[in-house]
Amino acid sequence: MSELDSPNPHLVQHARIIAATPRLWHSAVTFDPDSRFRTHLHSAPDYEAWLQTWLPGQSTDWHDHGAGSGVILVLQGTLLEHLAWDDPTRPAQIDPEPITHEAGRPTEFGPFHIHRLVNSSSDPAISLHLYPPTLVEARRYARYGDLLDSVDVRLVGAPR
């Protein structure tokens with residue numbers, strides 16, 4: 001998919017600019033041995049930028065971003081993204097093949113994208129996440145074998 005075909009080419013463009021300008025994010029890099037570190041970098045009229053750092057083995061829970069979309073851009077290292085496919089008639093099904101995200105390649109996701117990110121490498125990773133600045137309901141999921149079921153819903157994002 002080219003940026004011209006992208007559902008939100010402006011998010012990809014902003015992510016590339018931020019990534020190419022380390023003075024915008026490098027001082028925020030912190031590695032926490034107990035859990036993945038996440039910090040808000042910047043808000044603009046059309047996006048919010050977040051920086052996340054990952055030591056080996058650190059991950060997110062299974063979650064979605066509700067009706068929101070976004071861009072993930074790994075700045076250093078490699079992250080694996082595990083996906084699940086939602087079906088309104090039954091629990092979400094986990095895809096057995098994760099996607100590898102390497103530094104420098106932005107990845108977009110759309111509404112109700114169920115995923116889990118993990119640093120399964122032996123090196124630390126840093127990632128940039130951009131989201132439209134909207135308030136959405138996001139869900140967390142519990143895993144049951146290769147199925148997921150929603151366990152709670154919370155509001156995330158900046159109200160406008």
# chains A, B, ... in the order shown; residues from 1 in each chain; ligands from 1
$ closest_atom_pairs --of "region 54-149 of chain A" --to "region 11-16 of chain A" --cutoff "8 Å" --atoms "only C-alpha atoms" --output "CSV"
residue,atom,partner,partner_atom,distance
A:Gly70,CA,A:Leu11,CA,7.2
A:Val71,CA,A:Val12,CA,6.4
A:Leu73,CA,A:Ala15,CA,6.9
A:Pro106,CA,A:Val12,CA,6.7
A:Glu108,CA,A:Val12,CA,7.7
A:Leu128,CA,A:Ala15,CA,7.2
A:His129,CA,A:Ala15,CA,7.7
A:Leu130,CA,A:Leu11,CA,6.5
A:Tyr131,CA,A:Leu11,CA,7.5
A:Pro132,CA,A:Leu11,CA,7.9
$ residues_around --residues "region 53-60 of chain A" --least-positions-apart "6" --cutoff "10 Å" --atoms "only C-alpha atoms" --output "MDAnalysis selection string"
chainID A and resid 28:39 74:81 115:128
$ residues_around --residues "Glu137 (chain A)" --least-positions-apart "5" --cutoff "6 Å" --atoms "only C-alpha atoms" --output "number ranges by chain"
A: 66, 154-155
$ write_last_selection --atoms "C-alpha atoms" --output "short mmCIF file (atom, residue, chain, number, x, y, z; two decimals), in the first residue's frame"
data_model
loop_
_atom_site.label_atom_id
_atom_site.label_comp_id
_atom_site.auth_asym_id
_atom_site.auth_seq_id
_atom_site.Cartn_x
_atom_site.Cartn_y
_atom_site.Cartn_z
CA GLY A 66 -11.99 0.67 19.30
CA ARG A 154 -12.37 1.79 28.56
CA LEU A 155 -12.26 5.26 27.04
#
$ closest_residue --among "A:Leu24, A:Ala67, A:Ala142, A:Leu147" --to "His113 (chain A)" --atoms "only C-alpha atoms"
A:Ala67
$ residues_around --residues "region 61-65 of chain A" --least-positions-apart "5" --cutoff "7 Å" --atoms "only C-alpha atoms" --output "mmCIF file with N, CA and C atoms, in the first residue's frame"
data_model
loop_
_atom_site.group_PDB
_atom_site.id
_atom_site.type_symbol
_atom_site.label_atom_id
_atom_site.label_comp_id
_atom_site.auth_asym_id
_atom_site.auth_seq_id
_atom_site.Cartn_x
_atom_site.Cartn_y
_atom_site.Cartn_z
ATOM 1 N N PRO A 111 -9.794 0.554 12.453
ATOM 2 C CA PRO A 111 -10.695 0.344 13.581
ATOM 3 C C PRO A 111 -10.841 -1.137 13.941
ATOM 4 N N PHE A 112 -10.993 -1.376 15.235
ATOM 5 C CA PHE A 112 -11.251 -2.706 15.796
ATOM 6 C C PHE A 112 -10.167 -3.725 15.422
ATOM 7 N N HIS A 113 -8.945 -3.248 15.374
ATOM 8 C CA HIS A 113 -7.758 -4.055 15.070
ATOM 9 C C HIS A 113 -7.300 -4.682 16.392
ATOM 10 N N ILE A 114 -7.510 -5.972 16.558
ATOM 11 C CA ILE A 114 -7.165 -6.666 17.800
ATOM 12 C C ILE A 114 -5.730 -7.168 17.670
ATOM 13 N N HIS A 115 -4.884 -6.776 18.638
ATOM 14 C CA HIS A 115 -3.487 -7.178 18.532
ATOM 15 C C HIS A 115 -2.789 -7.182 19.887
ATOM 16 N N ARG A 116 -1.599 -7.737 19.851
ATOM 17 C CA ARG A 116 -0.685 -7.769 20.990
ATOM 18 C C ARG A 116 0.703 -7.578 20.412
ATOM 19 N N ALA A 138 -11.978 1.424 23.797
ATOM 20 C CA ALA A 138 -11.026 0.375 23.459
ATOM 21 C C ALA A 138 -11.294 -0.821 24.367
ATOM 22 N N ARG A 139 -11.029 -2.000 23.860
ATOM 23 C CA ARG A 139 -11.282 -3.218 24.631
ATOM 24 C C ARG A 139 -9.983 -3.950 24.946
ATOM 25 N N ARG A 140 -9.970 -4.599 26.113
ATOM 26 C CA ARG A 140 -8.919 -5.556 26.463
ATOM 27 C C ARG A 140 -9.534 -6.942 26.356
ATOM 28 N N TYR A 141 -8.677 -7.931 26.067
ATOM 29 C CA TYR A 141 -9.153 -9.293 25.832
ATOM 30 C C TYR A 141 -8.420 -10.286 26.711
#
$ select_by_dssp --residues "region 22-124 of chain A" --states "helix (DSSP H, G or I)" --output "number ranges by chain"
A: 22-24, 26-28
$ closest_residue --among "A:Ala49, A:Asp86, A:Ile72, A:Gly157" --to "His101 (chain A)" --atoms "only C-alpha atoms"
A:Ile72
$ select_by_dssp --residues "region 65-132 of chain A" --states "strand (DSSP E)" --output "short mmCIF file (atom, residue, chain, number, x, y, z; two decimals) with N, CA, C and O atoms, in the first residue's frame"
data_model
loop_
_atom_site.label_atom_id
_atom_site.label_comp_id
_atom_site.auth_asym_id
_atom_site.auth_seq_id
_atom_site.Cartn_x
_atom_site.Cartn_y
_atom_site.Cartn_z
N GLY A 70 -4.51 4.04 13.56
CA GLY A 70 -3.21 4.57 13.94
C GLY A 70 -2.08 4.06 13.09
O GLY A 70 -2.27 3.33 12.12
N VAL A 71 -0.85 4.47 13.51
CA VAL A 71 0.38 4.09 12.83
C VAL A 71 1.39 3.67 13.90
O VAL A 71 1.50 4.33 14.93
N ILE A 72 2.08 2.58 13.65
CA ILE A 72 3.18 2.12 14.50
C ILE A 72 4.44 2.21 13.65
O ILE A 72 4.46 1.74 12.51
N LEU A 73 5.49 2.78 14.23
CA LEU A 73 6.77 2.86 13.54
C LEU A 73 7.86 2.49 14.54
O LEU A 73 8.07 3.20 15.52
N VAL A 74 8.52 1.36 14.32
CA VAL A 74 9.61 0.94 15.19
C VAL A 74 10.82 1.82 14.87
O VAL A 74 11.20 1.97 13.70
N LEU A 75 11.40 2.41 15.91
CA LEU A 75 12.55 3.29 15.75
C LEU A 75 13.87 2.55 15.96
O LEU A 75 14.89 2.92 15.40
N GLN A 76 13.82 1.52 16.79
CA GLN A 76 15.01 0.71 17.09
C GLN A 76 14.54 -0.69 17.44
O GLN A 76 13.56 -0.86 18.15
N THR A 78 13.16 -4.66 16.94
CA THR A 78 12.12 -5.39 16.22
C THR A 78 11.00 -5.74 17.18
O THR A 78 11.26 -6.13 18.32
N LEU A 79 9.76 -5.62 16.72
CA LEU A 79 8.61 -6.05 17.50
C LEU A 79 7.81 -7.05 16.69
O LEU A 79 7.76 -6.96 15.45
N LEU A 80 7.20 -8.00 17.39
CA LEU A 80 6.26 -8.91 16.75
C LEU A 80 4.86 -8.46 17.10
O LEU A 80 4.57 -8.09 18.25
N GLU A 81 3.97 -8.50 16.10
CA GLU A 81 2.58 -8.18 16.32
C GLU A 81 1.75 -9.44 16.09
O GLU A 81 1.76 -10.00 15.00
N HIS A 82 1.07 -9.86 17.13
CA HIS A 82 0.16 -10.98 17.04
C HIS A 82 -1.23 -10.41 16.81
O HIS A 82 -1.63 -9.45 17.48
N LEU A 83 -1.97 -10.98 15.87
CA LEU A 83 -3.28 -10.47 15.48
C LEU A 83 -4.38 -11.46 15.81
O LEU A 83 -4.14 -12.67 15.88
N ALA A 84 -5.58 -10.95 15.96
CA ALA A 84 -6.77 -11.79 16.11
C ALA A 84 -7.86 -11.20 15.22
O ALA A 84 -7.93 -9.99 15.03
N TRP A 85 -8.69 -12.06 14.70
CA TRP A 85 -9.74 -11.65 13.78
C TRP A 85 -11.07 -11.75 14.49
O TRP A 85 -11.45 -12.80 15.00
N ASP A 86 -11.77 -10.63 14.55
CA ASP A 86 -13.03 -10.55 15.27
C ASP A 86 -14.17 -11.09 14.43
O ASP A 86 -14.22 -10.90 13.23
N ASP A 87 -15.08 -11.76 15.09
CA ASP A 87 -16.31 -12.26 14.49
C ASP A 87 -17.39 -11.95 15.52
O ASP A 87 -17.32 -12.43 16.65
N ARG A 90 -18.86 -14.92 17.67
CA ARG A 90 -18.08 -15.80 18.55
C ARG A 90 -16.80 -15.07 18.98
O ARG A 90 -16.50 -14.01 18.46
N PRO A 91 -16.03 -15.66 19.90
CA PRO A 91 -14.79 -15.01 20.32
C PRO A 91 -13.82 -14.83 19.15
O PRO A 91 -13.86 -15.56 18.17
N ALA A 92 -12.96 -13.84 19.27
CA ALA A 92 -11.96 -13.55 18.24
C ALA A 92 -10.97 -14.71 18.12
O ALA A 92 -10.59 -15.32 19.12
N GLN A 93 -10.56 -14.99 16.91
CA GLN A 93 -9.63 -16.08 16.60
C GLN A 93 -8.22 -15.53 16.42
O GLN A 93 -8.02 -14.59 15.64
N ILE A 94 -7.24 -16.09 17.13
CA ILE A 94 -5.85 -15.65 17.01
C ILE A 94 -5.23 -16.20 15.74
O ILE A 94 -5.33 -17.40 15.46
N ILE A 99 3.28 -10.86 12.75
CA ILE A 99 3.91 -9.96 11.78
C ILE A 99 5.14 -9.35 12.45
O ILE A 99 5.08 -8.93 13.61
N THR A 100 6.25 -9.31 11.73
CA THR A 100 7.48 -8.70 12.24
C THR A 100 7.54 -7.25 11.81
O THR A 100 7.40 -6.93 10.63
N HIS A 101 7.75 -6.36 12.79
CA HIS A 101 7.91 -4.93 12.51
C HIS A 101 9.35 -4.55 12.79
O HIS A 101 9.81 -4.63 13.93
N GLU A 102 10.06 -4.15 11.74
CA GLU A 102 11.45 -3.74 11.86
C GLU A 102 11.55 -2.23 11.80
O GLU A 102 10.64 -1.55 11.31
N THR A 107 3.60 1.02 9.94
CA THR A 107 2.49 0.10 9.73
C THR A 107 1.22 0.76 10.22
O THR A 107 1.17 1.24 11.34
N GLU A 108 0.22 0.78 9.38
CA GLU A 108 -1.07 1.35 9.75
C GLU A 108 -2.01 0.27 10.25
O GLU A 108 -1.89 -0.89 9.87
N PHE A 109 -2.94 0.68 11.10
CA PHE A 109 -4.01 -0.23 11.48
C PHE A 109 -5.31 0.56 11.53
O PHE A 109 -5.33 1.77 11.72
N ILE A 114 -7.51 -5.97 16.56
CA ILE A 114 -7.16 -6.67 17.80
C ILE A 114 -5.73 -7.17 17.67
O ILE A 114 -5.40 -7.89 16.73
N HIS A 115 -4.88 -6.78 18.64
CA HIS A 115 -3.49 -7.18 18.53
C HIS A 115 -2.79 -7.18 19.89
O HIS A 115 -3.31 -6.71 20.89
N ARG A 116 -1.60 -7.74 19.85
CA ARG A 116 -0.69 -7.77 20.99
C ARG A 116 0.70 -7.58 20.41
O ARG A 116 1.09 -8.26 19.46
N LEU A 117 1.47 -6.63 20.97
CA LEU A 117 2.84 -6.39 20.53
C LEU A 117 3.80 -6.95 21.56
O LEU A 117 3.54 -6.85 22.77
N VAL A 118 4.91 -7.52 21.09
CA VAL A 118 5.90 -8.10 22.01
C VAL A 118 7.30 -7.93 21.43
O VAL A 118 7.49 -8.00 20.22
N ALA A 125 13.89 -2.44 22.23
CA ALA A 125 13.21 -1.84 21.08
C ALA A 125 12.57 -0.52 21.51
O ALA A 125 12.24 -0.33 22.69
N ILE A 126 12.41 0.37 20.54
CA ILE A 126 11.73 1.65 20.74
C ILE A 126 10.73 1.80 19.61
O ILE A 126 11.06 1.54 18.44
N SER A 127 9.52 2.21 19.94
CA SER A 127 8.50 2.39 18.91
C SER A 127 7.74 3.69 19.10
O SER A 127 7.59 4.20 20.21
N LEU A 128 7.27 4.22 17.99
CA LEU A 128 6.48 5.44 17.93
C LEU A 128 5.07 5.04 17.51
O LEU A 128 4.90 4.26 16.57
N HIS A 129 4.06 5.59 18.20
CA HIS A 129 2.66 5.27 17.91
C HIS A 129 1.91 6.58 17.74
O HIS A 129 1.95 7.45 18.62
N LEU A 130 1.24 6.73 16.60
CA LEU A 130 0.43 7.92 16.34
C LEU A 130 -1.02 7.52 16.19
O LEU A 130 -1.34 6.52 15.52
N TYR A 131 -1.88 8.30 16.82
CA TYR A 131 -3.32 8.05 16.80
C TYR A 131 -4.04 9.36 16.51
O TYR A 131 -3.61 10.42 16.98
#
$ atom_distance --atom1 "CA of Arg105 (chain A)" --atom2 "CA of Pro45 (chain A)"
24.0 Å
$ atom_distance --atom1 "CA of Ser43 (chain A)" --atom2 "CA of Asp152 (chain A)"
26.5 Å
$ atom_distance --atom1 "CA of Thr134 (chain A)" --atom2 "CA of Gly68 (chain A)"
7.5 Å
$ closest_residue --among "A:His40, A:Gly110, A:Asp95, A:Ala103" --to "Gly145 (chain A)" --atoms "only C-alpha atoms"
A:Asp95
$ decode --residues "region 105-141 of chain A" --atoms "N, CA, C and O atoms" --output "mmCIF file, in the first residue's frame"
data_model
loop_
_atom_site.group_PDB
_atom_site.id
_atom_site.type_symbol
_atom_site.label_atom_id
_atom_site.label_comp_id
_atom_site.auth_asym_id
_atom_site.auth_seq_id
_atom_site.Cartn_x
_atom_site.Cartn_y
_atom_site.Cartn_z
ATOM 1 N N ARG A 105 9.915 1.086 9.119
ATOM 2 C CA ARG A 105 8.787 0.782 8.232
ATOM 3 C C ARG A 105 7.474 1.025 8.969
ATOM 4 O O ARG A 105 7.073 0.210 9.798
ATOM 5 N N PRO A 106 6.761 2.128 8.667
ATOM 6 C CA PRO A 106 5.499 2.385 9.364
ATOM 7 C C PRO A 106 4.436 1.367 8.967
ATOM 8 O O PRO A 106 4.401 0.896 7.838
ATOM 9 N N THR A 107 3.603 1.021 9.939
ATOM 10 C CA THR A 107 2.493 0.099 9.725
ATOM 11 C C THR A 107 1.217 0.760 10.219
ATOM 12 O O THR A 107 1.166 1.243 11.342
ATOM 13 N N GLU A 108 0.216 0.776 9.378
ATOM 14 C CA GLU A 108 -1.070 1.351 9.754
ATOM 15 C C GLU A 108 -2.008 0.272 10.250
ATOM 16 O O GLU A 108 -1.889 -0.893 9.867
ATOM 17 N N PHE A 109 -2.939 0.680 11.098
ATOM 18 C CA PHE A 109 -4.014 -0.226 11.482
ATOM 19 C C PHE A 109 -5.309 0.561 11.528
ATOM 20 O O PHE A 109 -5.325 1.773 11.721
ATOM 21 N N GLY A 110 -6.398 -0.150 11.312
ATOM 22 C CA GLY A 110 -7.710 0.478 11.268
ATOM 23 C C GLY A 110 -8.543 0.169 12.494
ATOM 24 O O GLY A 110 -8.057 -0.429 13.464
ATOM 25 N N PRO A 111 -9.794 0.554 12.453
ATOM 26 C CA PRO A 111 -10.695 0.344 13.581
ATOM 27 C C PRO A 111 -10.841 -1.137 13.941
ATOM 28 O O PRO A 111 -10.805 -2.003 13.071
ATOM 29 N N PHE A 112 -10.993 -1.376 15.235
ATOM 30 C CA PHE A 112 -11.251 -2.706 15.796
ATOM 31 C C PHE A 112 -10.167 -3.725 15.422
ATOM 32 O O PHE A 112 -10.438 -4.889 15.201
ATOM 33 N N HIS A 113 -8.945 -3.248 15.374
ATOM 34 C CA HIS A 113 -7.758 -4.055 15.070
ATOM 35 C C HIS A 113 -7.300 -4.682 16.392
ATOM 36 O O HIS A 113 -6.771 -4.004 17.265
ATOM 37 N N ILE A 114 -7.510 -5.972 16.558
ATOM 38 C CA ILE A 114 -7.165 -6.666 17.800
ATOM 39 C C ILE A 114 -5.730 -7.168 17.670
ATOM 40 O O ILE A 114 -5.399 -7.894 16.728
ATOM 41 N N HIS A 115 -4.884 -6.776 18.638
ATOM 42 C CA HIS A 115 -3.487 -7.178 18.532
ATOM 43 C C HIS A 115 -2.789 -7.182 19.887
ATOM 44 O O HIS A 115 -3.315 -6.711 20.891
ATOM 45 N N ARG A 116 -1.599 -7.737 19.851
ATOM 46 C CA ARG A 116 -0.685 -7.769 20.990
ATOM 47 C C ARG A 116 0.703 -7.578 20.412
ATOM 48 O O ARG A 116 1.091 -8.261 19.456
ATOM 49 N N LEU A 117 1.471 -6.631 20.971
ATOM 50 C CA LEU A 117 2.844 -6.393 20.527
ATOM 51 C C LEU A 117 3.801 -6.950 21.561
ATOM 52 O O LEU A 117 3.540 -6.850 22.770
ATOM 53 N N VAL A 118 4.912 -7.524 21.094
ATOM 54 C CA VAL A 118 5.898 -8.102 22.005
ATOM 55 C C VAL A 118 7.304 -7.931 21.433
ATOM 56 O O VAL A 118 7.495 -8.003 20.220
ATOM 57 N N ASN A 119 8.238 -7.665 22.328
ATOM 58 C CA ASN A 119 9.650 -7.666 21.936
ATOM 59 C C ASN A 119 10.164 -9.067 22.242
ATOM 60 O O ASN A 119 10.510 -9.383 23.371
ATOM 61 N N SER A 120 10.212 -9.901 21.223
ATOM 62 C CA SER A 120 10.683 -11.276 21.418
ATOM 63 C C SER A 120 12.161 -11.423 21.051
ATOM 64 O O SER A 120 12.685 -12.527 21.039
ATOM 65 N N SER A 121 12.826 -10.308 20.782
ATOM 66 C CA SER A 121 14.253 -10.371 20.453
ATOM 67 C C SER A 121 15.075 -10.248 21.736
ATOM 68 O O SER A 121 14.539 -10.047 22.815
ATOM 69 N N SER A 122 16.380 -10.315 21.591
ATOM 70 C CA SER A 122 17.265 -10.173 22.750
ATOM 71 C C SER A 122 17.772 -8.742 22.912
ATOM 72 O O SER A 122 18.580 -8.475 23.790
ATOM 73 N N ASP A 123 17.292 -7.827 22.057
ATOM 74 C CA ASP A 123 17.710 -6.427 22.100
ATOM 75 C C ASP A 123 16.546 -5.519 22.481
ATOM 76 O O ASP A 123 15.399 -5.803 22.136
ATOM 77 N N PRO A 124 16.818 -4.393 23.143
ATOM 78 C CA PRO A 124 15.751 -3.430 23.436
ATOM 79 C C PRO A 124 15.149 -2.874 22.140
ATOM 80 O O PRO A 124 15.807 -2.834 21.099
ATOM 81 N N ALA A 125 13.890 -2.436 22.231
ATOM 82 C CA ALA A 125 13.208 -1.838 21.082
ATOM 83 C C ALA A 125 12.566 -0.521 21.513
ATOM 84 O O ALA A 125 12.235 -0.332 22.694
ATOM 85 N N ILE A 126 12.408 0.370 20.536
ATOM 86 C CA ILE A 126 11.732 1.651 20.742
ATOM 87 C C ILE A 126 10.731 1.797 19.611
ATOM 88 O O ILE A 126 11.058 1.542 18.444
ATOM 89 N N SER A 127 9.515 2.213 19.945
ATOM 90 C CA SER A 127 8.505 2.395 18.908
ATOM 91 C C SER A 127 7.742 3.694 19.099
ATOM 92 O O SER A 127 7.591 4.198 20.212
ATOM 93 N N LEU A 128 7.266 4.224 17.987
ATOM 94 C CA LEU A 128 6.479 5.437 17.932
ATOM 95 C C LEU A 128 5.071 5.042 17.512
ATOM 96 O O LEU A 128 4.900 4.263 16.570
ATOM 97 N N HIS A 129 4.065 5.595 18.200
ATOM 98 C CA HIS A 129 2.661 5.273 17.913
ATOM 99 C C HIS A 129 1.912 6.582 17.738
ATOM 100 O O HIS A 129 1.949 7.445 18.620
ATOM 101 N N LEU A 130 1.244 6.735 16.600
ATOM 102 C CA LEU A 130 0.435 7.924 16.338
ATOM 103 C C LEU A 130 -1.019 7.524 16.189
ATOM 104 O O LEU A 130 -1.336 6.520 15.521
ATOM 105 N N TYR A 131 -1.885 8.302 16.822
ATOM 106 C CA TYR A 131 -3.323 8.053 16.798
ATOM 107 C C TYR A 131 -4.036 9.358 16.512
ATOM 108 O O TYR A 131 -3.615 10.415 16.983
ATOM 109 N N PRO A 132 -5.177 9.302 15.808
ATOM 110 C CA PRO A 132 -5.986 10.516 15.703
ATOM 111 C C PRO A 132 -6.454 10.911 17.106
ATOM 112 O O PRO A 132 -6.710 10.039 17.944
ATOM 113 N N PRO A 133 -6.548 12.202 17.382
ATOM 114 C CA PRO A 133 -6.886 12.652 18.741
ATOM 115 C C PRO A 133 -8.391 12.588 19.016
ATOM 116 O O PRO A 133 -9.065 13.608 19.110
ATOM 117 N N THR A 134 -8.900 11.396 19.108
ATOM 118 C CA THR A 134 -10.326 11.229 19.364
ATOM 119 C C THR A 134 -10.522 10.324 20.565
ATOM 120 O O THR A 134 -9.672 9.491 20.879
ATOM 121 N N LEU A 135 -11.640 10.479 21.197
ATOM 122 C CA LEU A 135 -11.984 9.637 22.321
ATOM 123 C C LEU A 135 -12.722 8.413 21.790
ATOM 124 O O LEU A 135 -13.736 8.548 21.104
ATOM 125 N N VAL A 136 -12.187 7.222 22.057
ATOM 126 C CA VAL A 136 -12.822 5.995 21.576
ATOM 127 C C VAL A 136 -12.902 4.982 22.712
ATOM 128 O O VAL A 136 -12.168 5.065 23.689
ATOM 129 N N GLU A 137 -13.796 4.037 22.537
ATOM 130 C CA GLU A 137 -13.855 2.909 23.456
ATOM 131 C C GLU A 137 -12.900 1.840 22.957
ATOM 132 O O GLU A 137 -12.984 1.428 21.807
ATOM 133 N N ALA A 138 -11.978 1.424 23.797
ATOM 134 C CA ALA A 138 -11.026 0.375 23.459
ATOM 135 C C ALA A 138 -11.294 -0.821 24.367
ATOM 136 O O ALA A 138 -11.742 -0.657 25.504
ATOM 137 N N ARG A 139 -11.029 -2.000 23.860
ATOM 138 C CA ARG A 139 -11.282 -3.218 24.631
ATOM 139 C C ARG A 139 -9.983 -3.950 24.946
ATOM 140 O O ARG A 139 -9.049 -3.920 24.159
ATOM 141 N N ARG A 140 -9.970 -4.599 26.113
ATOM 142 C CA ARG A 140 -8.919 -5.556 26.463
ATOM 143 C C ARG A 140 -9.534 -6.942 26.356
ATOM 144 O O ARG A 140 -10.732 -7.120 26.575
ATOM 145 N N TYR A 141 -8.677 -7.931 26.067
ATOM 146 C CA TYR A 141 -9.153 -9.293 25.832
ATOM 147 C C TYR A 141 -8.420 -10.286 26.711
ATOM 148 O O TYR A 141 -7.241 -10.100 27.029
#
